[in-house]
file data-v2.txt (compact mmCIF, C-alpha atoms)
# COMPACT_ATOMS: atom_id res chain seq x y z
CA MET O 1 125.91 140.14 -0.38
CA ALA O 2 123.86 141.72 -3.12
CA ALA O 3 124.25 145.35 -4.10
CA LEU O 4 121.74 147.64 -5.75
CA LEU O 5 122.70 149.54 -8.84
CA ALA O 6 120.66 151.51 -11.31
CA THR O 7 121.05 153.04 -14.71
CA ALA O 8 120.32 156.70 -15.19
CA LEU O 9 116.62 157.25 -15.55
CA GLY O 10 113.96 159.73 -16.41
CA THR O 11 116.23 162.23 -18.21
CA PRO O 12 115.43 163.48 -21.74
CA GLN O 13 118.01 161.90 -23.98
CA PRO O 14 119.87 163.06 -27.06
CA ALA O 15 119.59 161.42 -30.40
CA THR O 16 122.48 159.40 -31.70
CA ALA O 17 125.16 160.89 -33.92
CA ALA O 18 123.41 159.24 -36.86
CA THR O 19 120.34 161.48 -36.40
CA ALA O 20 122.29 164.70 -36.81
CA ALA O 21 124.37 163.22 -39.61
CA ASN O 22 121.28 162.18 -41.57
CA ALA O 23 119.79 165.66 -41.21
CA ALA O 24 122.97 167.28 -42.47
CA THR O 25 123.20 164.88 -45.42
CA ALA O 26 119.64 165.68 -46.43
CA GLY O 27 120.40 169.41 -46.39
CA ALA O 28 117.75 170.01 -43.75
CA ARG O 29 117.96 172.39 -40.84
CA PRO O 30 119.44 170.83 -37.66
CA PRO O 31 116.68 169.20 -35.59
CA SER O 32 115.30 171.10 -32.63
CA ASP O 33 116.15 170.22 -29.05
CA ALA O 34 112.70 168.70 -28.66
CA ARG O 35 113.26 166.53 -31.72
CA LEU O 36 116.62 165.35 -30.46
CA ALA O 37 115.23 164.57 -27.02
CA ALA O 38 112.41 162.56 -28.58
CA GLU O 39 114.77 160.08 -30.25
CA PRO O 40 116.70 158.26 -27.56
CA ALA O 41 118.95 155.36 -28.45
CA ARG O 42 117.58 153.12 -25.67
CA HIS O 43 114.95 155.09 -23.80
CA ASP O 44 113.40 152.12 -21.95
CA LEU O 45 116.64 150.50 -20.84
CA THR O 46 117.82 153.70 -19.19
CA ARG O 47 114.99 153.27 -16.68
CA GLU O 48 116.01 149.78 -15.51
CA GLN O 49 116.78 149.26 -11.82
CA SER O 50 119.18 146.30 -11.62
CA TYR O 51 119.77 144.12 -8.59
CA PHE O 52 123.21 142.50 -8.58
CA LEU O 53 123.63 139.30 -6.62
CA LEU O 54 125.91 136.35 -6.00
CA PRO O 55 123.62 133.30 -6.29
CA ASP O 56 125.68 131.43 -3.67
CA ARG O 57 125.10 134.21 -1.12
CA PHE O 58 121.43 134.91 -1.73
CA ALA O 59 119.07 132.04 -0.85
CA ASN O 60 119.40 128.27 -0.52
CA GLY O 61 116.38 126.68 -2.17
CA SER O 62 117.74 123.13 -2.25
CA THR O 63 120.30 121.56 0.06
CA ALA O 64 120.64 118.65 -2.38
CA ASN O 65 123.04 120.67 -4.59
CA ASP O 66 125.12 122.24 -1.81
CA ARG O 67 128.15 120.10 -2.72
CA GLY O 68 127.62 120.34 -6.46
CA GLY O 69 127.26 116.57 -6.81
CA LEU O 70 130.82 116.08 -5.53
CA THR O 71 132.02 113.99 -2.61
CA GLY O 72 134.74 114.52 -0.04
CA ASP O 73 135.74 117.42 2.18
CA ARG O 74 135.64 121.11 1.28
CA THR O 75 138.83 120.88 -0.79
CA LYS O 76 136.90 118.57 -3.13
CA THR O 77 133.36 119.95 -3.02
CA GLY O 78 134.07 123.61 -2.28
CA PHE O 79 131.25 123.62 0.29
CA ASP O 80 131.85 124.93 3.81
CA PRO O 81 129.17 127.26 5.23
CA THR O 82 131.44 128.09 8.18
CA ASP O 83 134.01 129.81 5.90
CA LYS O 84 133.11 132.77 3.72
CA GLY O 85 135.77 131.71 1.20
CA PHE O 86 133.72 128.63 0.27
CA TYR O 87 130.27 127.80 -1.10
CA GLN O 88 127.44 128.64 1.30
CA GLY O 89 124.60 126.83 -0.53
CA GLY O 90 122.73 129.59 -2.39
CA ASP O 91 121.24 128.48 -5.70
CA LEU O 92 118.84 129.24 -8.54
CA ARG O 93 115.96 127.53 -6.74
CA GLY O 94 116.39 129.93 -3.85
CA LEU O 95 116.43 132.85 -6.27
CA ILE O 96 113.25 131.65 -7.96
CA GLU O 97 111.51 131.46 -4.59
CA LYS O 98 112.57 135.05 -3.75
CA LEU O 99 111.52 136.75 -6.99
CA ASP O 100 108.62 138.55 -5.34
CA TYR O 101 110.96 139.89 -2.66
CA ILE O 102 113.40 141.16 -5.29
CA LYS O 103 110.64 142.78 -7.30
CA GLY O 104 109.34 144.40 -4.13
CA LEU O 105 112.61 146.32 -3.80
CA GLY O 106 111.73 148.20 -6.97
CA THR O 107 113.88 145.92 -9.13
CA THR O 108 113.24 145.66 -12.85
CA ALA O 109 116.32 143.63 -13.79
CA ILE O 110 118.46 140.95 -12.12
CA TRP O 111 122.19 140.76 -12.84
CA MET O 112 123.71 137.54 -11.56
CA ALA O 113 127.39 136.86 -10.97
CA PRO O 114 128.58 134.07 -13.33
CA ILE O 115 126.50 130.90 -13.03
CA PHE O 116 128.60 128.71 -15.37
CA LYS O 117 130.31 125.56 -14.08
CA ASN O 118 133.47 126.39 -12.12
CA LYS O 119 136.52 124.57 -10.89
CA PRO O 120 135.22 124.12 -7.33
CA VAL O 121 138.55 124.73 -5.56
CA GLN O 122 141.95 125.98 -6.72
CA GLY O 123 144.94 127.79 -5.32
CA GLY O 124 145.96 124.99 -2.96
CA GLY O 125 142.45 124.55 -1.59
CA GLU O 126 142.41 127.92 0.17
CA SER O 127 139.09 129.04 -1.34
CA ALA O 128 136.30 127.97 -3.67
CA GLY O 129 134.68 129.24 -6.87
CA TYR O 130 131.45 130.37 -5.22
CA HIS O 131 131.79 133.72 -7.07
CA GLY O 132 131.67 132.07 -10.49
CA TYR O 133 134.83 133.47 -12.07
CA TRP O 134 136.76 130.16 -12.40
CA ILE O 135 134.88 128.67 -15.34
CA THR O 136 135.67 125.22 -16.70
CA ASP O 137 132.44 124.48 -18.60
CA PHE O 138 130.95 127.40 -20.51
CA THR O 139 127.91 125.36 -21.60
CA GLN O 140 126.18 124.51 -18.33
CA VAL O 141 125.10 125.93 -15.00
CA ASP O 142 127.39 125.09 -12.08
CA PRO O 143 125.84 122.10 -10.26
CA HIS O 144 126.21 124.04 -6.98
CA PHE O 145 123.60 126.44 -8.37
CA GLY O 146 121.29 123.98 -10.09
CA THR O 147 120.59 123.04 -13.69
CA ASN O 148 120.12 124.63 -17.08
CA ALA O 149 116.42 123.82 -16.78
CA GLU O 150 116.20 125.77 -13.53
CA LEU O 151 117.93 128.71 -15.19
CA ALA O 152 115.31 128.68 -17.96
CA GLU O 153 112.60 128.54 -15.29
CA LEU O 154 114.13 131.51 -13.47
CA ILE O 155 114.20 133.63 -16.62
CA ASP O 156 110.63 132.72 -17.58
CA LYS O 157 109.28 133.50 -14.10
CA ALA O 158 111.25 136.75 -13.84
CA HIS O 159 109.88 137.85 -17.21
CA ALA O 160 106.36 136.97 -16.10
CA LYS O 161 106.87 139.41 -13.21
CA GLY O 162 108.16 142.13 -15.52
CA MET O 163 111.86 141.73 -14.69
CA LYS O 164 114.79 141.26 -17.06
CA VAL O 165 117.70 138.87 -16.41
CA PHE O 166 121.35 139.57 -17.23
CA PHE O 167 124.24 137.10 -17.17
CA ASP O 168 127.74 137.98 -15.99
CA VAL O 169 130.07 136.54 -18.68
CA ILE O 170 133.83 136.17 -19.06
CA THR O 171 135.99 136.22 -22.19
CA ASN O 172 139.38 137.08 -20.67
CA HIS O 173 140.22 133.89 -18.82
CA THR O 174 139.21 130.43 -17.63
CA ALA O 175 139.90 128.45 -14.50
CA ASP O 176 143.54 127.60 -13.84
CA THR O 177 144.37 124.28 -15.48
CA VAL O 178 147.44 125.36 -17.50
CA THR O 179 150.86 125.67 -15.89
CA ASN O 180 154.33 125.52 -17.45
CA VAL O 181 157.31 123.21 -17.56
CA GLU O 182 159.60 125.86 -16.12
CA LYS O 183 157.46 126.30 -12.96
CA LYS O 184 158.03 130.04 -13.09
CA TYR O 185 155.28 132.64 -13.21
CA GLY O 186 156.84 136.11 -13.42
CA TYR O 187 155.55 138.06 -16.43
CA ARG O 188 157.68 137.79 -19.58
CA SER O 189 157.18 140.64 -22.06
CA LYS O 190 156.67 140.43 -25.81
CA GLY O 191 159.77 142.52 -26.39
CA ALA O 192 162.10 140.21 -24.50
CA TYR O 193 160.23 137.00 -25.32
CA PRO O 194 158.42 137.33 -28.67
CA TYR O 195 156.07 134.63 -29.89
CA LEU O 196 157.76 132.22 -32.31
CA ASP O 197 156.17 130.33 -35.18
CA THR O 198 156.86 126.64 -35.73
CA GLU O 199 160.00 127.57 -37.72
CA GLY O 200 161.36 129.56 -34.78
CA ARG O 201 160.68 132.96 -36.36
CA PRO O 202 159.34 135.75 -34.10
CA PHE O 203 156.04 137.41 -34.92
CA ASP O 204 153.82 140.11 -33.46
CA ASP O 205 150.37 138.70 -32.71
CA SER O 206 148.80 142.17 -32.85
CA THR O 207 149.48 142.35 -36.60
CA GLY O 208 149.05 138.71 -37.58
CA MET O 209 149.23 135.16 -36.31
CA GLY O 210 151.86 132.58 -37.10
CA GLU O 211 151.44 128.83 -36.83
CA VAL O 212 152.38 127.85 -33.27
CA ASP O 213 153.14 124.89 -31.06
CA ARG O 214 154.14 124.53 -27.40
CA ASP O 215 157.65 125.81 -28.14
CA SER O 216 156.27 129.14 -29.38
CA PHE O 217 155.74 130.68 -25.94
CA PRO O 218 157.83 132.44 -23.27
CA TYR O 219 156.94 129.53 -21.00
CA THR O 220 156.34 125.98 -22.22
CA PRO O 221 152.67 125.35 -21.40
CA VAL O 222 151.43 122.09 -19.95
CA VAL O 223 148.08 121.15 -18.45
CA HIS O 224 147.88 120.24 -14.76
CA GLU O 225 147.83 116.51 -14.05
CA ASP O 226 144.34 114.98 -14.38
CA GLU O 227 142.89 118.17 -15.91
CA ALA O 228 143.57 117.57 -19.60
CA ASP O 229 139.89 117.30 -20.56
CA THR O 230 138.10 119.33 -17.91
CA LYS O 231 137.15 122.36 -20.00
CA VAL O 232 134.14 122.65 -22.30
CA PRO O 233 134.08 123.34 -25.25
CA ALA O 234 137.02 121.04 -25.94
CA TRP O 235 139.14 123.66 -27.73
CA LEU O 236 139.68 125.34 -24.36
CA ASN O 237 141.84 122.37 -23.32
CA ASP O 238 144.49 123.29 -25.91
CA PRO O 239 147.24 125.20 -23.98
CA THR O 240 148.25 127.05 -27.17
CA MET O 241 144.95 128.97 -26.96
CA TYR O 242 146.37 130.98 -24.02
CA HIS O 243 148.96 133.76 -23.75
CA ASN O 244 151.32 131.76 -21.50
CA ARG O 245 153.35 134.80 -20.39
CA GLY O 246 153.09 134.48 -16.63
CA ASP O 247 151.12 136.48 -14.08
CA SER O 248 149.85 139.96 -14.82
CA THR O 249 151.20 142.91 -12.86
CA PHE O 250 148.16 144.88 -14.12
CA VAL O 251 150.51 147.49 -15.56
CA GLY O 252 151.09 148.12 -19.26
CA GLU O 253 151.27 145.16 -21.60
CA SER O 254 150.82 142.59 -18.83
CA GLY O 255 147.30 143.90 -18.26
CA LEU O 256 146.34 142.39 -21.62
CA TYR O 257 148.67 139.38 -21.79
CA GLY O 258 149.23 138.24 -18.21
CA ASP O 259 147.30 135.72 -16.15
CA HIS O 260 144.77 137.44 -13.88
CA THR O 261 145.69 136.10 -10.39
CA GLY O 262 146.92 132.88 -11.98
CA LEU O 263 143.84 132.24 -14.14
CA ASP O 264 144.51 131.00 -17.67
CA ASP O 265 144.54 134.11 -19.90
CA LEU O 266 142.94 133.42 -23.28
CA TRP O 267 144.88 134.44 -26.39
CA THR O 268 142.09 136.70 -27.62
CA GLU O 269 144.20 137.96 -30.51
CA ARG O 270 143.81 134.50 -32.10
CA PRO O 271 140.91 134.29 -34.59
CA GLU O 272 140.08 130.80 -33.30
CA VAL O 273 139.59 132.17 -29.79
CA VAL O 274 137.42 135.05 -30.99
CA LYS O 275 135.20 132.71 -32.99
CA GLY O 276 135.09 130.19 -30.18
CA LEU O 277 133.92 132.76 -27.66
CA GLU O 278 131.37 134.12 -30.13
CA LYS O 279 129.85 130.65 -30.48
CA ILE O 280 129.81 130.06 -26.72
CA TYR O 281 127.74 133.13 -25.95
CA GLN O 282 125.61 133.00 -29.09
CA ARG O 283 124.48 129.61 -27.85
CA TRP O 284 123.29 131.14 -24.56
CA VAL O 285 121.35 133.73 -26.56
CA GLU O 286 119.91 130.89 -28.64
CA ASP O 287 118.92 128.59 -25.79
CA PHE O 288 117.82 131.08 -23.12
CA ASP O 289 115.68 134.19 -23.22
CA VAL O 290 118.36 136.19 -21.40
CA ASP O 291 118.14 139.97 -21.85
CA GLY O 292 121.83 140.80 -22.00
CA PHE O 293 125.35 140.33 -20.70
CA ARG O 294 127.58 142.14 -18.24
CA VAL O 295 131.12 141.39 -19.40
CA ASP O 296 133.93 140.90 -16.89
CA THR O 297 137.49 142.34 -17.10
CA VAL O 298 136.94 144.23 -20.37
CA ARG O 299 140.14 146.27 -20.05
CA ASN O 300 142.19 143.06 -19.88
CA VAL O 301 141.21 142.10 -23.45
CA ASP O 302 142.43 143.75 -26.66
CA MET O 303 140.11 146.28 -28.31
CA PRO O 304 139.85 144.50 -31.71
CA PHE O 305 138.38 141.51 -29.89
CA TRP O 306 135.53 143.63 -28.53
CA THR O 307 134.78 145.17 -31.89
CA GLN O 308 134.33 141.74 -33.46
CA TRP O 309 132.77 139.90 -30.50
CA ALA O 310 130.25 142.57 -29.50
CA THR O 311 129.21 143.08 -33.12
CA ALA O 312 128.71 139.33 -33.56
CA ILE O 313 126.63 139.00 -30.37
CA ASP O 314 124.53 142.03 -31.29
CA ALA O 315 123.89 140.73 -34.82
CA TYR O 316 123.03 137.25 -33.58
CA ALA O 317 120.60 138.58 -30.99
CA ALA O 318 118.93 140.78 -33.62
CA LYS O 319 118.64 137.77 -35.92
CA LYS O 320 116.73 136.04 -33.13
CA GLY O 321 114.40 139.00 -32.76
CA ARG O 322 116.19 140.41 -29.73
CA GLU O 323 117.04 143.90 -30.97
CA ASP O 324 117.09 145.24 -27.41
CA PHE O 325 119.76 142.76 -26.22
CA PHE O 326 122.09 144.82 -24.02
CA VAL O 327 125.82 144.21 -23.44
CA PHE O 328 127.72 146.32 -20.91
CA GLY O 329 131.30 145.92 -19.76
CA GLU O 330 133.36 146.22 -16.61
CA THR O 331 135.99 148.84 -17.49
CA LEU O 332 137.66 149.68 -14.21
CA SER O 333 138.78 153.30 -14.65
CA SER O 334 137.56 156.67 -13.38
CA ASP O 335 138.52 158.38 -16.65
CA PRO O 336 135.81 158.62 -19.36
CA ALA O 337 138.56 158.89 -21.97
CA VAL O 338 139.54 155.34 -20.99
CA THR O 339 136.06 153.82 -20.64
CA ALA O 340 134.29 155.42 -23.62
CA PRO O 341 136.35 153.76 -26.41
CA TYR O 342 134.92 150.38 -25.39
CA VAL O 343 131.57 151.78 -26.56
CA THR O 344 132.72 153.77 -29.59
CA GLN O 345 135.43 151.38 -30.83
CA GLY O 346 134.63 148.16 -28.99
CA ARG O 347 130.93 148.41 -29.85
CA LEU O 348 129.66 147.47 -26.40
CA ASP O 349 126.33 149.10 -25.62
CA ALA O 350 127.67 150.65 -22.41
CA THR O 351 130.16 150.25 -19.60
CA LEU O 352 129.74 150.30 -15.85
CA ASP O 353 130.07 153.99 -15.01
CA PHE O 354 133.13 153.91 -12.77
CA PRO O 355 133.92 157.57 -13.57
CA LEU O 356 130.56 158.72 -12.23
CA GLN O 357 130.78 156.44 -9.18
CA ASN O 358 134.20 157.81 -8.31
CA ALA O 359 133.09 161.42 -8.80
CA ILE O 360 129.91 161.08 -6.73
CA ARG O 361 131.77 159.38 -3.90
CA GLY O 362 134.48 162.01 -4.02
CA TYR O 363 131.98 164.84 -3.80
CA ALA O 364 129.74 163.25 -1.17
CA SER O 365 132.27 161.78 1.24
CA GLN O 366 135.83 162.76 0.32
CA ASP O 367 135.64 166.56 0.21
CA LYS O 368 136.20 166.71 -3.55
CA PRO O 369 134.85 169.84 -5.30
CA ALA O 370 131.65 169.79 -7.33
CA SER O 371 133.78 170.49 -10.38
CA THR O 372 135.01 166.89 -10.16
CA LEU O 373 131.46 165.71 -10.71
CA SER O 374 130.63 168.25 -13.41
CA GLY O 375 133.88 167.40 -15.16
CA VAL O 376 132.71 163.80 -15.60
CA LEU O 377 129.27 164.82 -16.82
CA ALA O 378 130.84 167.23 -19.30
CA GLN O 379 132.45 164.24 -21.03
CA ASP O 380 129.16 162.46 -21.78
CA TYR O 381 129.66 163.25 -25.47
CA ARG O 382 132.44 160.66 -25.59
CA TYR O 383 129.92 157.79 -25.52
CA THR O 384 127.82 158.86 -28.53
CA THR O 385 127.65 156.37 -31.40
CA ASP O 386 125.09 155.36 -34.00
CA LYS O 387 123.42 153.14 -31.36
CA ALA O 388 124.42 154.49 -27.95
CA ASN O 389 124.86 157.53 -25.75
CA ALA O 390 125.94 158.36 -22.21
CA TYR O 391 122.50 157.71 -20.75
CA GLU O 392 123.01 153.99 -21.27
CA GLN O 393 125.98 153.99 -18.91
CA VAL O 394 125.17 151.67 -15.99
CA THR O 395 125.42 153.85 -12.91
CA PHE O 396 126.08 152.69 -9.36
CA LEU O 397 127.41 153.91 -6.03
CA GLY O 398 128.98 150.68 -4.77
CA ASN O 399 129.48 147.09 -5.94
CA HIS O 400 131.64 144.02 -5.39
CA ASP O 401 134.64 145.80 -6.95
CA MET O 402 134.36 149.13 -5.16
CA GLY O 403 132.98 148.23 -1.75
call {"tool": "encode", "arguments": {"input": "data-v2.txt", "output": "C-alpha cells"}}
result
Amino acid sequence: MAALLATALGTPQPATAATAANAATAGARPPSDARLAAEPARHDLTREQSYFLLPDRFANGSTANDRGGLTGDRTKTGFDPTDKGFYQGGDLRGLIEKLDYIKGLGTTAIWMAPIFKNKPVQGGGESAGYHGYWITDFTQVDPHFGTNAELAELIDKAHAKGMKVFFDVITNHTADTVTNVEKKYGYRSKGAYPYLDTEGRPFDDSTGMGEVDRDSFPYTPVVHEDEADTKVPAWLNDPTMYHNRGDSTFVGESGLYGDHTGLDDLWTERPEVVKGLEKIYQRWVEDFDVDGFRVDTVRNVDMPFWTQWATAIDAYAAKKGREDFFVFGETLSSDPAVTAPYVTQGRLDATLDFPLQNAIRGYASQDKPASTLSGVLAQDYRYTTDKANAYEQVTFLGNHDMG
C-alpha cells in the first residue's frame, strides 16, 4: 500500500558553498548567519509532503485495462486479484479520481512507483510486474495502468490542485530477456574473467571501452526465445549493452556489475548506454510536465554515470524552463559518508535519507542512544554543493524498502 514520506520542512537553511566562496573571493567579510539562512538552495522544495504509491494497489478506475490488453491466464496477463504477487487492477484513472482524497491528506507531491511498460510475468510465472521494476518499453505507460494521454491528464489535474508529480525511474536494469549460452548464473568477477575486445585482448571498462562482440563476456549472452525485439528503444535489445557477469551477490564488485535478482544489468560504463538513458528520460521531461525523478538502485550504478546523467537531465530541464526539476536517488545505506557522494560527485539533487530513517527508528524503538541521531545530523555538511544542501534530503520513517 502507499506510504507517506516528507522532506524536512520549515527549518532555516544554509547557503550553498558557492555563497561563502564568492564572499571570500570578493574580499568581503563572511556573511552573517541571517544572510546565510536567507539564501537556501531549494527553500520551497524542502516543504513538500510526498505521497508514495503503487498505482496497481491504489484505485481501479477502469476494469477495461486490468489485463493490460493481453489474453490468457495470469501467466500471460499478469492479472490475478486473488494473489498479491500479481496485478490487482489499480491504474492512472483511479488515481485521477482520487486526487482530492490525496490532497486532503496534506499531500503536496505524488511519487509513483514506475509506470513504464513492464514484462507482465517473469521468473517462471510465479509473480507479475505490478510494481513496475521490470521495464521493457521505456517510452510508454504500461497498458495495465492506462495510456500516455492519461498520464498527461493526471499531471495536469494534480498541478491544478497545487500538487507536484514525480516519476520513479530506473537506469540500472531492464526486464529479464537476456540469458546465456552456458546456462550458468553465478557471478564471474572482472579479475578472473576480464572483458575482451574483438581481438581477444582484455581491457578494463572503468578506464576505457574496447570494441566488443558476444565473445567478449564472461558468459556468452543470448536473448530469450521470442523476445529479440521486445524492448524499446531498440538499442536495449542488443545483449552487448549489458554486463553479462551473472547474478549479483550485492557484495563488492558484483553490486555494480551483477544482475539484480536476474534482471538484465545495463553496462552503464558504456558511453552508448549513458547517452541512450539520457535520451530516454530527457524525452519524458520534454513530453510531460513532470516535476522530477526518484531514481532506483543508485548504488548499483557506477558514480561516473551519475555525474554525466544527472548533469544532462538537469541541463535539459533548465533548457525547457524547468530550473526546479528535482532528482533524488535511492542509496540504500545508513552511513552519510556513503550516501552523500551521490550528491557531491554524482550531482543528484538529493538522496532518500536512509541514515536519518535508521537513526530515528533506532532511537524511538530500538533503544539506541540519542547520540546515534545527533551523529547523523552532525554530518549534514557532507551534502553541501553549489546547488544543494542537507535540507533537500528526502526524509521518511518507512517505505517499501524498509517496512
call {"tool": "atom_distance", "arguments": {"input": "data-v2.txt", "atom1": "atom CA of Asp265 of chain O", "atom2": "atom CA of Pro218 of chain O"}}
result
13.8 Å
call {"tool": "closest_residue", "arguments": {"input": "data-v2.txt", "among": "O:Lys184, O:Leu99, O:Arg201, O:Pro233", "to": "Lys117 of chain O", "atoms": "all atoms listed in the file"}}
result
O:Pro233
call {"tool": "residues_around", "arguments": {"input": "data-v2.txt", "residues": "Tyr101 of chain O", "least_positions_apart": "6", "cutoff": "12 Å", "atoms": "only C-alpha atoms", "output": "list of chain:residue names"}}
result
O:Tyr51, O:Phe58, O:Ala59, O:Gly94, O:Leu95, O:Thr107, O:Thr108, O:Ala158, O:Lys161
call {"tool": "closest_residue", "arguments": {"input": "data-v2.txt", "among": "O:Gly68, O:Ser248, O:Trp284, O:Tyr342", "to": "Asn148 of chain O", "atoms": "all atoms listed in the file"}}
result
O:Trp284
call {"tool": "residues_around", "arguments": {"input": "data-v2.txt", "residues": "Ser371 of chain O", "least_positions_apart": "4", "cutoff": "12 Å", "atoms": "only C-alpha atoms", "output": "VMD selection string"}}
result
chain O and resid 359 to 360 362 to 363 367 375 to 378
call {"tool": "atom_distance", "arguments": {"input": "data-v2.txt", "atom1": "atom CA of Val338 of chain O", "atom2": "atom CA of Phe326 of chain O"}}
result
20.6 Å
call {"tool": "decode", "arguments": {"input": "data-v2.txt", "residues": "segment 206-251 of chain O", "atoms": "C-alpha atoms", "output": "mmCIF file, in the first residue's frame"}}
result
data_model
loop_
_atom_site.group_PDB
_atom_site.id
_atom_site.type_symbol
_atom_site.label_atom_id
_atom_site.label_comp_id
_atom_site.auth_asym_id
_atom_site.auth_seq_id
_atom_site.Cartn_x
_atom_site.Cartn_y
_atom_site.Cartn_z
ATOM 1 C CA SER O 206 36.399 1.573 -15.965
ATOM 2 C CA THR O 207 39.288 3.212 -17.838
ATOM 3 C CA GLY O 208 38.133 2.815 -21.429
ATOM 4 C CA MET O 209 35.992 0.722 -23.732
ATOM 5 C CA GLY O 210 37.166 -1.715 -26.357
ATOM 6 C CA GLU O 211 35.172 -2.865 -29.367
ATOM 7 C CA VAL O 212 33.141 -5.897 -28.278
ATOM 8 C CA ASP O 213 31.033 -8.734 -29.590
ATOM 9 C CA ARG O 214 29.235 -11.651 -27.930
ATOM 10 C CA ASP O 215 32.535 -13.441 -27.280
ATOM 11 C CA SER O 216 33.775 -10.549 -25.126
ATOM 12 C CA PHE O 217 31.888 -11.527 -21.974
ATOM 13 C CA PRO O 218 32.297 -13.967 -19.069
ATOM 14 C CA TYR O 219 29.081 -15.581 -20.289
ATOM 15 C CA THR O 220 28.005 -15.695 -23.935
ATOM 16 C CA PRO O 221 24.811 -13.607 -23.995
ATOM 17 C CA VAL O 222 21.745 -14.628 -25.946
ATOM 18 C CA VAL O 223 18.205 -13.262 -25.900
ATOM 19 C CA HIS O 224 15.368 -15.490 -24.685
ATOM 20 C CA GLU O 225 13.364 -17.153 -27.447
ATOM 21 C CA ASP O 226 10.646 -14.881 -28.883
ATOM 22 C CA GLU O 227 11.965 -11.811 -27.006
ATOM 23 C CA ALA O 228 14.501 -10.483 -29.502
ATOM 24 C CA ASP O 229 12.573 -7.269 -30.222
ATOM 25 C CA THR O 230 10.552 -6.692 -27.070
ATOM 26 C CA LYS O 231 12.487 -3.749 -25.638
ATOM 27 C CA VAL O 232 12.084 -0.095 -26.612
ATOM 28 C CA PRO O 233 14.189 1.831 -27.614
ATOM 29 C CA ALA O 234 15.611 -0.798 -29.950
ATOM 30 C CA TRP O 235 19.221 -0.479 -28.721
ATOM 31 C CA LEU O 236 18.132 -2.185 -25.496
ATOM 32 C CA ASN O 237 17.678 -5.431 -27.455
ATOM 33 C CA ASP O 238 21.440 -5.657 -28.093
ATOM 34 C CA PRO O 239 22.810 -8.127 -25.467
ATOM 35 C CA THR O 240 26.251 -6.469 -25.636
ATOM 36 C CA MET O 241 24.731 -3.431 -23.878
ATOM 37 C CA TYR O 242 24.634 -5.434 -20.618
ATOM 38 C CA HIS O 243 27.306 -6.564 -18.151
ATOM 39 C CA ASN O 244 26.622 -10.294 -18.641
ATOM 40 C CA ARG O 245 28.504 -11.380 -15.497
ATOM 41 C CA GLY O 246 25.823 -13.390 -13.732
ATOM 42 C CA ASP O 247 23.730 -12.632 -10.663
ATOM 43 C CA SER O 248 24.792 -10.041 -8.116
ATOM 44 C CA THR O 249 25.652 -11.126 -4.589
ATOM 45 C CA PHE O 250 25.262 -7.437 -3.581
ATOM 46 C CA VAL O 251 28.783 -7.502 -2.179
#
